[in-house]
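Peer 1: So here's upload.csv (CSV, C-alpha atoms).
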chain,number,residue,atom,x,y,z
A,247,MET,CA,89.3,156.6,25.7
A,248,ILE,CA,87.1,153.7,26.7
A,249,PRO,CA,84.0,153.4,24.6
A,250,SER,CA,81.3,152.6,27.2
A,251,ARG,CA,80.6,152.3,30.9
A,252,GLY,CA,80.0,148.6,30.5
A,253,GLU,CA,83.4,148.1,28.9
A,254,ALA,CA,85.1,150.2,31.6
A,255,LYS,CA,83.4,148.0,34.3
A,256,LYS,CA,84.9,144.9,32.7
A,257,LEU,CA,88.4,146.4,32.8
A,258,MET,CA,88.1,147.4,36.5
A,259,LEU,CA,90.0,145.4,39.1
A,260,TYR,CA,89.7,147.5,42.3
A,261,SER,CA,88.1,150.7,43.3
A,262,TYR,CA,90.0,152.3,46.2
A,263,ARG,CA,87.7,154.4,48.2
A,264,HIS,CA,88.2,154.0,52.0
A,265,GLY,CA,91.6,155.5,52.6
A,266,PHE,CA,92.3,157.1,49.3
A,267,SER,CA,90.6,157.8,45.9
A,268,GLY,CA,91.7,155.7,42.9
A,269,PHE,CA,91.3,152.5,40.9
A,270,ALA,CA,93.1,149.6,39.4
A,271,ALA,CA,92.2,148.6,35.8
A,272,LYS,CA,93.5,146.8,32.7
A,273,LEU,CA,94.7,149.6,30.4
A,274,THR,CA,96.8,149.9,27.3
A,275,ASN,CA,99.9,152.2,27.5
A,276,SER,CA,98.0,154.8,25.5
A,277,GLN,CA,95.0,154.7,27.8
A,278,ALA,CA,97.2,155.0,30.9
A,279,LYS,CA,99.0,158.0,29.4
A,280,GLN,CA,95.7,159.7,28.6
A,281,ILE,CA,94.3,159.1,32.1
A,282,GLY,CA,97.6,160.4,33.6
A,283,GLU,CA,97.1,163.7,31.8
A,284,LEU,CA,93.6,164.3,33.2
A,285,PRO,CA,93.1,167.1,35.7
A,286,GLY,CA,93.1,165.7,39.3
A,287,VAL,CA,95.1,162.6,38.5
A,288,VAL,CA,98.1,162.5,40.7
A,289,GLN,CA,99.9,159.5,39.3
A,290,VAL,CA,99.4,156.4,37.2
A,291,ILE,CA,101.6,153.5,38.3
A,292,GLN,CA,102.2,150.1,36.7
A,293,ASN,CA,101.3,146.9,38.5
A,294,ARG,CA,104.4,144.9,39.6
A,295,PHE,CA,105.3,141.9,41.6
A,296,TYR,CA,106.7,141.6,45.2
A,297,LYS,CA,108.2,138.7,47.1
A,298,THR,CA,107.8,137.7,50.7
A,299,GLN,CA,110.7,138.6,53.1
A,300,THR,CA,111.6,137.2,56.5
A,301,SER,CA,112.2,139.0,59.9
A,302,MET,CA,114.5,138.9,62.8
A,303,SER,CA,113.7,137.7,66.3
A,304,TRP,CA,112.4,140.1,69.0
A,305,ASP,CA,115.1,138.8,71.4
A,306,PHE,CA,117.7,141.5,70.6
A,307,LEU,CA,115.2,144.2,71.4
A,308,GLY,CA,115.2,143.4,75.1
A,309,LEU,CA,111.4,143.1,75.1
A,310,SER,CA,111.3,140.7,78.1
A,311,LYS,CA,108.2,140.4,80.2
A,312,ASN,CA,110.4,140.3,83.3
A,313,PHE,CA,111.4,143.9,83.1
A,314,PRO,CA,108.4,146.1,84.2
A,315,ASN,CA,109.8,149.4,82.8
A,316,ASN,CA,110.6,148.3,79.3
A,317,LEU,CA,108.5,149.1,76.2
A,318,LEU,CA,106.6,145.8,76.2
A,319,ASN,CA,105.2,146.3,79.7
A,320,LYS,CA,104.7,150.1,79.4
A,321,THR,CA,102.4,149.4,76.4
A,322,ASN,CA,100.6,146.6,78.3
A,323,GLN,CA,102.0,144.1,75.8
A,324,GLY,CA,99.9,145.6,72.9
A,325,ASP,CA,96.5,145.2,74.6
A,326,GLY,CA,93.9,147.1,72.6
A,327,ILE,CA,96.1,147.5,69.5
A,328,ILE,CA,95.1,146.0,66.1
A,329,ILE,CA,98.0,144.9,63.9
A,330,GLY,CA,97.3,144.3,60.2
A,331,VAL,CA,99.5,141.8,58.5
A,332,ILE,CA,99.8,142.0,54.7
A,333,ASP,CA,101.3,138.7,53.6
A,334,SER,CA,100.4,135.1,52.5
A,335,GLY,CA,97.5,134.7,54.9
A,336,ILE,CA,97.1,132.9,58.3
A,337,TRP,CA,96.8,129.4,59.7
A,338,GLY,CA,94.9,130.4,62.8
A,339,ASP,CA,94.0,127.0,64.1
A,340,SER,CA,97.0,126.9,66.4
A,341,GLU,CA,97.8,127.5,70.0
A,342,ALA,CA,100.1,130.3,68.8
A,343,PHE,CA,97.0,132.4,68.3
A,344,ASN,CA,95.0,131.5,71.3
A,345,ASP,CA,92.8,134.2,72.8
A,346,ASN,CA,93.3,133.4,76.4
A,347,GLY,CA,93.0,136.5,78.6
A,348,LEU,CA,91.8,138.7,75.8
A,349,GLY,CA,88.7,140.9,76.3
A,350,PRO,CA,86.0,141.5,73.7
A,351,ILE,CA,86.9,142.5,70.1
A,352,PRO,CA,87.5,146.3,70.0
A,353,ALA,CA,84.3,148.0,69.0
A,354,ARG,CA,86.1,150.1,66.3
A,355,CYS,CA,87.1,146.9,64.4
A,356,LYS,CA,85.3,146.7,61.1
A,357,GLY,CA,87.1,143.6,59.8
A,358,ILE,CA,85.4,140.5,58.4
A,359,CYS,CA,86.3,136.9,59.0
A,360,LYS,CA,84.2,134.4,57.0
A,361,SER,CA,84.5,130.8,56.0
A,362,GLU,CA,85.7,130.3,52.4
A,363,GLY,CA,87.5,127.3,50.8
A,364,ASN,CA,89.4,125.5,53.5
A,365,PHE,CA,89.4,128.5,55.8
A,366,ASN,CA,87.0,127.9,58.7
A,367,ALA,CA,86.2,131.1,60.5
A,368,THR,CA,85.1,129.2,63.6
A,369,LYS,CA,88.5,127.5,63.8
A,370,HIS,CA,90.8,130.1,62.4
A,371,CYS,CA,89.3,133.3,63.9
A,372,ASN,CA,88.7,134.3,67.5
A,373,ARG,CA,89.4,137.3,69.8
A,374,LYS,CA,93.0,137.2,68.6
A,375,ILE,CA,92.5,136.9,64.9
A,376,ILE,CA,89.7,139.3,64.3
A,377,GLY,CA,89.8,139.8,60.5
A,378,ALA,CA,90.9,137.8,57.4
A,379,ARG,CA,90.6,139.1,53.8
A,380,TRP,CA,92.2,138.0,50.5
A,381,TYR,CA,93.1,139.7,47.3
A,382,ILE,CA,94.0,138.0,44.0
A,383,ARG,CA,92.8,140.0,41.0
A,384,GLY,CA,96.1,141.8,40.3
A,385,CYS,CA,98.1,138.6,40.4
A,386,MET,CA,95.6,136.8,38.1
A,387,GLU,CA,95.7,139.6,35.5
A,388,GLU,CA,99.5,140.1,35.5
A,389,LYS,CA,100.2,136.3,35.1
A,390,GLY,CA,97.2,135.6,32.9
A,391,VAL,CA,95.9,132.9,35.1
A,392,ASN,CA,92.4,132.1,36.3
A,393,LYS,CA,91.0,130.8,39.6
A,394,THR,CA,90.9,127.2,38.3
A,395,MET,CA,94.6,127.3,37.6
A,396,LEU,CA,95.4,128.9,40.9
A,397,LYS,CA,93.5,126.2,42.8
A,398,ASN,CA,96.3,123.8,41.8
A,399,TYR,CA,98.6,125.4,44.4
A,400,ASN,CA,96.4,127.7,46.5
A,401,ASP,CA,93.3,127.6,48.6
A,402,LEU,CA,91.2,130.6,47.5
A,403,SER,CA,90.7,132.0,51.0
A,404,ALA,CA,92.7,133.8,53.7
A,405,LEU,CA,94.3,130.4,54.7
A,406,ASP,CA,98.1,130.4,54.7
A,407,GLU,CA,99.4,127.3,52.9
A,408,TYR,CA,103.0,128.6,52.6
A,409,GLY,CA,103.7,129.6,56.2
A,410,HIS,CA,105.3,133.0,55.7
A,411,GLY,CA,102.3,135.0,56.7
A,412,THR,CA,101.6,132.9,59.8
A,413,HIS,CA,105.3,133.2,60.8
A,414,CYS,CA,105.1,137.0,60.5
A,415,ALA,CA,101.8,137.3,62.3
A,416,PHE,CA,103.2,135.3,65.2
A,417,THR,CA,106.4,137.3,65.3
A,418,ALA,CA,104.3,140.5,65.5
A,419,ALA,CA,101.5,139.4,68.0
A,420,GLY,CA,101.7,135.7,68.7
A,421,SER,CA,100.0,134.6,72.0
A,422,TYR,CA,101.9,133.1,74.9
A,423,VAL,CA,102.6,129.4,74.3
A,424,ASN,CA,104.1,127.6,77.3
A,425,ASN,CA,106.3,124.5,77.3
A,426,VAL,CA,107.3,124.7,73.7
A,427,LYS,CA,109.5,121.9,72.5
A,428,TYR,CA,111.6,121.4,69.4
A,429,TYR,CA,112.8,117.9,68.6
A,430,ASN,CA,112.1,117.0,72.3
A,431,LEU,CA,114.2,120.0,73.5
A,432,ASN,CA,112.4,122.2,75.9
A,433,MET,CA,112.5,125.7,74.4
A,434,GLY,CA,110.4,127.4,77.1
A,435,THR,CA,107.7,130.0,76.3
A,436,ALA,CA,107.1,131.4,72.8
A,437,ARG,CA,105.3,134.6,72.1
A,438,GLY,CA,105.2,137.5,69.6
A,439,GLY,CA,106.4,141.1,70.1
A,440,ALA,CA,103.0,142.3,71.3
A,441,PRO,CA,101.3,139.2,72.6
A,442,LEU,CA,98.0,140.9,73.7
A,443,ALA,CA,97.5,142.7,70.4
A,444,ARG,CA,94.8,141.6,67.9
A,445,LEU,CA,95.5,140.6,64.3
A,446,ALA,CA,93.8,141.5,61.1
A,447,ILE,CA,95.0,139.4,58.2
A,448,TYR,CA,95.3,140.6,54.5
A,449,LYS,CA,96.4,137.8,52.1
A,450,VAL,CA,98.0,139.0,49.0
A,451,GLY,CA,100.7,136.4,48.4
A,452,TRP,CA,100.0,133.4,46.0
A,453,GLN,CA,102.0,130.5,44.7
A,454,LEU,CA,102.0,130.1,40.9
A,455,GLU,CA,103.9,126.8,40.8
A,456,GLU,CA,104.5,123.9,43.1
A,457,ASP,CA,107.0,124.7,45.9
A,458,GLY,CA,107.2,128.2,44.4
A,459,GLU,CA,107.6,131.4,46.5
A,460,PRO,CA,104.5,133.5,46.9
A,461,ILE,CA,104.3,136.6,44.8
A,462,MET,CA,102.0,139.6,45.2
A,463,THR,CA,101.2,142.7,43.1
A,464,THR,CA,100.9,146.4,43.7
A,465,VAL,CA,97.2,146.7,43.1
A,466,ASP,CA,96.4,143.8,45.5
A,467,ILE,CA,98.6,145.3,48.2
A,468,LEU,CA,97.0,148.8,47.7
A,469,ALA,CA,93.5,147.2,48.0
A,470,SER,CA,94.5,145.5,51.3
A,471,ILE,CA,95.8,148.9,52.7
A,472,ASP,CA,92.6,150.6,51.6
A,473,ASP,CA,90.5,148.0,53.5
A,474,ALA,CA,92.8,148.0,56.5
A,475,ILE,CA,92.2,151.8,56.9
A,476,LYS,CA,88.4,151.1,56.9
A,477,ASP,CA,88.9,148.1,59.2
A,478,GLY,CA,90.4,150.3,61.9
A,479,VAL,CA,93.9,148.8,62.3
A,480,ASP,CA,96.5,150.8,64.2
A,481,VAL,CA,99.6,149.6,62.4
A,482,LEU,CA,100.4,147.6,59.3
A,483,SER,CA,103.2,145.0,58.8
A,484,ALA,CA,104.3,144.0,55.4
A,485,SER,CA,107.3,141.7,55.2
A,486,LEU,CA,107.7,141.9,51.5
A,487,GLY,CA,110.1,143.4,48.9
A,488,GLU,CA,111.1,144.0,45.4
A,489,ASP,CA,113.9,145.7,43.5
A,490,PHE,CA,112.8,149.1,44.8
A,491,LYS,CA,113.9,152.4,43.5
A,492,ASN,CA,113.5,155.4,45.7
A,493,LEU,CA,110.6,155.2,48.1
A,494,ALA,CA,110.9,158.9,49.1
A,495,GLU,CA,108.5,159.8,46.4
A,496,VAL,CA,104.8,159.7,47.3
A,497,HIS,CA,103.9,158.2,43.9
A,498,GLU,CA,106.0,155.1,44.3
A,499,ASP,CA,103.4,152.4,44.8
A,500,LEU,CA,103.9,151.2,48.4
A,501,ALA,CA,104.7,154.7,49.6
A,502,LEU,CA,101.5,155.8,48.0
A,503,GLY,CA,99.5,153.4,50.1
A,504,ALA,CA,101.6,154.2,53.2
A,505,PHE,CA,101.1,158.0,52.7
A,506,HIS,CA,97.3,157.6,52.9
A,507,ALA,CA,97.6,155.1,55.8
A,508,VAL,CA,99.7,157.7,57.7
A,509,ILE,CA,97.1,160.4,57.0
A,510,HIS,CA,94.6,158.1,58.9
A,511,GLY,CA,97.1,157.5,61.8
A,512,ILE,CA,98.4,154.1,60.6
A,513,LEU,CA,102.1,153.3,60.3
A,514,LEU,CA,103.3,150.8,57.6
A,515,LEU,CA,106.3,148.7,58.6
A,516,LEU,CA,108.6,147.0,56.1
A,517,PRO,CA,111.8,145.0,56.4
A,518,GLY,CA,114.8,147.1,57.1
A,519,GLU,CA,116.8,145.7,54.2
A,520,ILE,CA,115.1,144.5,51.0
A,521,MET,CA,116.9,142.8,48.1
A,522,GLY,CA,120.2,144.3,49.3
A,523,LEU,CA,118.9,147.9,49.4
A,524,THR,CA,118.6,149.6,52.8
A,525,LEU,CA,115.5,151.8,52.7
A,526,THR,CA,115.7,154.9,54.9
A,527,GLN,CA,114.3,157.7,52.8
A,528,SER,CA,110.5,157.5,52.9
A,529,PRO,CA,108.9,159.6,55.6
A,530,MET,CA,105.8,157.3,55.4
A,531,LEU,CA,107.5,154.0,55.9
A,532,LEU,CA,109.2,152.6,59.0
A,533,HIS,CA,111.9,149.9,58.3
A,534,GLY,CA,112.7,147.4,61.1
Could the structure of this file be written out as structure tokens, please?
Peer 2:
Amino acid sequence: MIPSRGEAKKLMLYSYRHGFSGFAAKLTNSQAKQIGELPGVVQVIQNRFYKTQTSMSWDFLGLSKNFPNNLLNKTNQGDGIIIGVIDSGIWGDSEAFNDNGLGPIPARCKGICKSEGNFNATKHCNRKIIGARWYIRGCMEEKGVNKTMLKNYNDLSALDEYGHGTHCAFTAAGSYVNNVKYYNLNMGTARGGAPLARLAIYKVGWQLEEDGEPIMTTVDILASIDDAIKDGVDVLSASLGEDFKNLAEVHEDLALGAFHAVIHGILLLLPGEIMGLTLTQSPMLLHG
């Protein structure tokens, strides 16, 4: 099938080992078919692209701090919870992610946050943003680009240069920011849905052209889910989409990762409507 161990190593993109057993590799159709027929292989899926999606405001949910008996206050505003965000990264050097009033980082957290490229861990990470990883191999292989080409439009780090990931992270768990103004209009206090929760960031979205929308691939997303399981997140948010088929089947790529996340007690949330298709059939995915 593959002539040598050395050649197989060159073809390998990811080895999934924390939450589920599998790998991503560059294979011919014939090789993929042969592997799919091996005993113990559940499914071989093809790498494909996804696009970022947007989300609605929390306002319509009635999650006001002023009502002591609502869900926000009953859950202590997310205190102690780690939310993993799979998106285009994070711009953490902002008051929106301040760690005022937060205690120590939960001991179960196994995430990493290190300085790479223009991402400065001292500035962009704190007791709110407690992890930041990035994944690019799948995107590079699918588009036939190298890191030098990607550097024209991307910082090769967890830094969010597009804004979508930062927006979604704040929507989920942004800290309290008082006296917010927009064009000199006083807009009051801004916050995320669970303002005391912690954030673990998984950057999988990359721009391939100037002003282009970030795209992401199956194998990078699965690698981020695999690491998130190891990192100890409690819930995963992925505001992304594609022309999906039926996510009720376990072998459909995102549902595959979601299935193994759920086994480890982690729920994966996706947008409620993606590319005009309302998704309600997968028991492993919650659509908001």
Peer 1: For CA of Thr417 (chain A) and CA of Ile332 (chain A), determine how far apart the two atoms are, in Å to one decimal place.
Peer 2: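 If I compute the distance from CA of Thr417 (chain A) to CA of Ile332 (chain A), I get 13.3 Å.
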Peer 1: For the atom pair CA of Ile447 (chain A) and CA of Val290 (chain A), what is the interatomic distance in Å to one decimal place?
Peer 2: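 We find that CA of Ile447 (chain A) and CA of Val290 (chain A) lie 27.4 Å from each other.
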Peer 1: Give me the residues within 9 Å of Pro441 (chain A) as number ranges by chain, counting only C-alpha atoms and dropping any in the same chain fewer than 2 places off.
Peer 2: A: 323-325, 416, 418-422, 437-439, 443-444
Peer 1: Determine the nearest neighbour of Gly268 (chain A) from the options A:Asp472, A:Asp480, A:Glu283, A:Asp339, counting all atoms listed in the file.
Peer 2: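 Among the listed residues, A:Asp472 lies closest to Gly268 (chain A).
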Peer 1: Hey, can you check how far CA of Phe365 (chain A) sits from CA of Met433 (chain A)?
Peer 2: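 About the pair CA of Phe365 (chain A) and CA of Met433 (chain A): they are 29.8 Å apart.
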Peer 1: Could you write region 307-318 of chain A as a compact mmCIF listing (two decimals), in the frame of the given file, with all heavy atoms rebuilt where they are missing?
Peer 2:
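The resulting selection.txt:
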# COMPACT_ATOMS: atom_id res chain seq x y z
N LEU A 307 115.82 142.97 70.98
CA LEU A 307 115.20 144.20 71.40
C LEU A 307 115.07 144.41 72.86
O LEU A 307 114.73 145.48 73.34
CB LEU A 307 113.84 144.38 70.69
CG LEU A 307 113.83 144.51 69.17
CD1 LEU A 307 112.40 144.54 68.64
CD2 LEU A 307 114.58 145.76 68.73
N GLY A 308 115.31 143.33 73.60
CA GLY A 308 115.20 143.40 75.10
C GLY A 308 113.75 143.52 75.52
O GLY A 308 113.48 144.09 76.59
N LEU A 309 112.82 142.99 74.76
CA LEU A 309 111.40 143.10 75.10
C LEU A 309 111.00 141.88 75.98
O LEU A 309 110.20 141.03 75.59
CB LEU A 309 110.53 143.13 73.86
CG LEU A 309 110.76 144.34 72.96
CD1 LEU A 309 109.86 144.28 71.74
CD2 LEU A 309 110.51 145.63 73.73
N SER A 310 111.56 141.84 77.16
CA SER A 310 111.30 140.70 78.10
C SER A 310 110.13 141.12 79.02
O SER A 310 110.04 142.25 79.50
CB SER A 310 112.51 140.41 78.91
OG SER A 310 112.19 139.51 79.94
N LYS A 311 109.26 140.18 79.31
CA LYS A 311 108.20 140.40 80.20
C LYS A 311 108.66 140.64 81.65
O LYS A 311 107.96 141.22 82.49
CB LYS A 311 107.23 139.19 80.19
CG LYS A 311 105.98 139.34 81.05
CD LYS A 311 105.16 138.07 81.02
CE LYS A 311 103.93 138.19 81.92
NZ LYS A 311 103.15 136.93 81.95
N ASN A 312 109.88 140.23 81.93
CA ASN A 312 110.40 140.30 83.30
C ASN A 312 110.94 141.65 83.70
O ASN A 312 111.35 141.83 84.84
CB ASN A 312 111.54 139.24 83.44
CG ASN A 312 111.03 137.83 83.18
OD1 ASN A 312 109.92 137.48 83.58
ND2 ASN A 312 111.84 137.02 82.51
N PHE A 313 110.93 142.61 82.79
CA PHE A 313 111.40 143.90 83.10
C PHE A 313 110.24 144.93 83.03
O PHE A 313 109.84 145.33 81.93
CB PHE A 313 112.54 144.36 82.18
CG PHE A 313 113.76 143.50 82.30
CD1 PHE A 313 113.94 142.42 81.45
CD2 PHE A 313 114.71 143.75 83.28
CE1 PHE A 313 115.06 141.60 81.56
CE2 PHE A 313 115.83 142.94 83.41
CZ PHE A 313 116.01 141.87 82.55
N PRO A 314 109.68 145.33 84.17
CA PRO A 314 108.40 146.10 84.20
C PRO A 314 108.52 147.47 83.51
O PRO A 314 107.50 148.03 83.10
CB PRO A 314 108.11 146.25 85.67
CG PRO A 314 109.40 146.01 86.37
CD PRO A 314 110.17 145.04 85.53
N ASN A 315 109.72 148.03 83.38
CA ASN A 315 109.80 149.40 82.80
C ASN A 315 110.20 149.42 81.36
O ASN A 315 110.47 150.49 80.81
CB ASN A 315 110.88 150.19 83.64
CG ASN A 315 110.42 150.44 85.07
OD1 ASN A 315 109.24 150.70 85.31
ND2 ASN A 315 111.35 150.35 86.01
N ASN A 316 110.22 148.24 80.72
CA ASN A 316 110.60 148.30 79.30
C ASN A 316 109.34 148.57 78.44
O ASN A 316 108.22 148.65 78.94
CB ASN A 316 111.28 146.99 78.87
CG ASN A 316 110.36 145.77 78.90
OD1 ASN A 316 109.15 145.88 79.10
ND2 ASN A 316 110.94 144.59 78.72
N LEU A 317 109.57 148.71 77.14
CA LEU A 317 108.50 149.10 76.20
C LEU A 317 107.36 148.10 76.21
O LEU A 317 106.19 148.48 76.14
CB LEU A 317 109.07 149.28 74.82
CG LEU A 317 108.08 149.75 73.74
CD1 LEU A 317 107.53 151.13 74.08
CD2 LEU A 317 108.77 149.77 72.38
N LEU A 318 107.68 146.82 76.29
CA LEU A 318 106.60 145.80 76.20
C LEU A 318 105.61 145.99 77.34
O LEU A 318 104.40 145.95 77.09
CB LEU A 318 107.29 144.40 76.37
CG LEU A 318 106.31 143.22 76.42
CD1 LEU A 318 105.64 143.02 75.07
CD2 LEU A 318 107.02 141.95 76.85
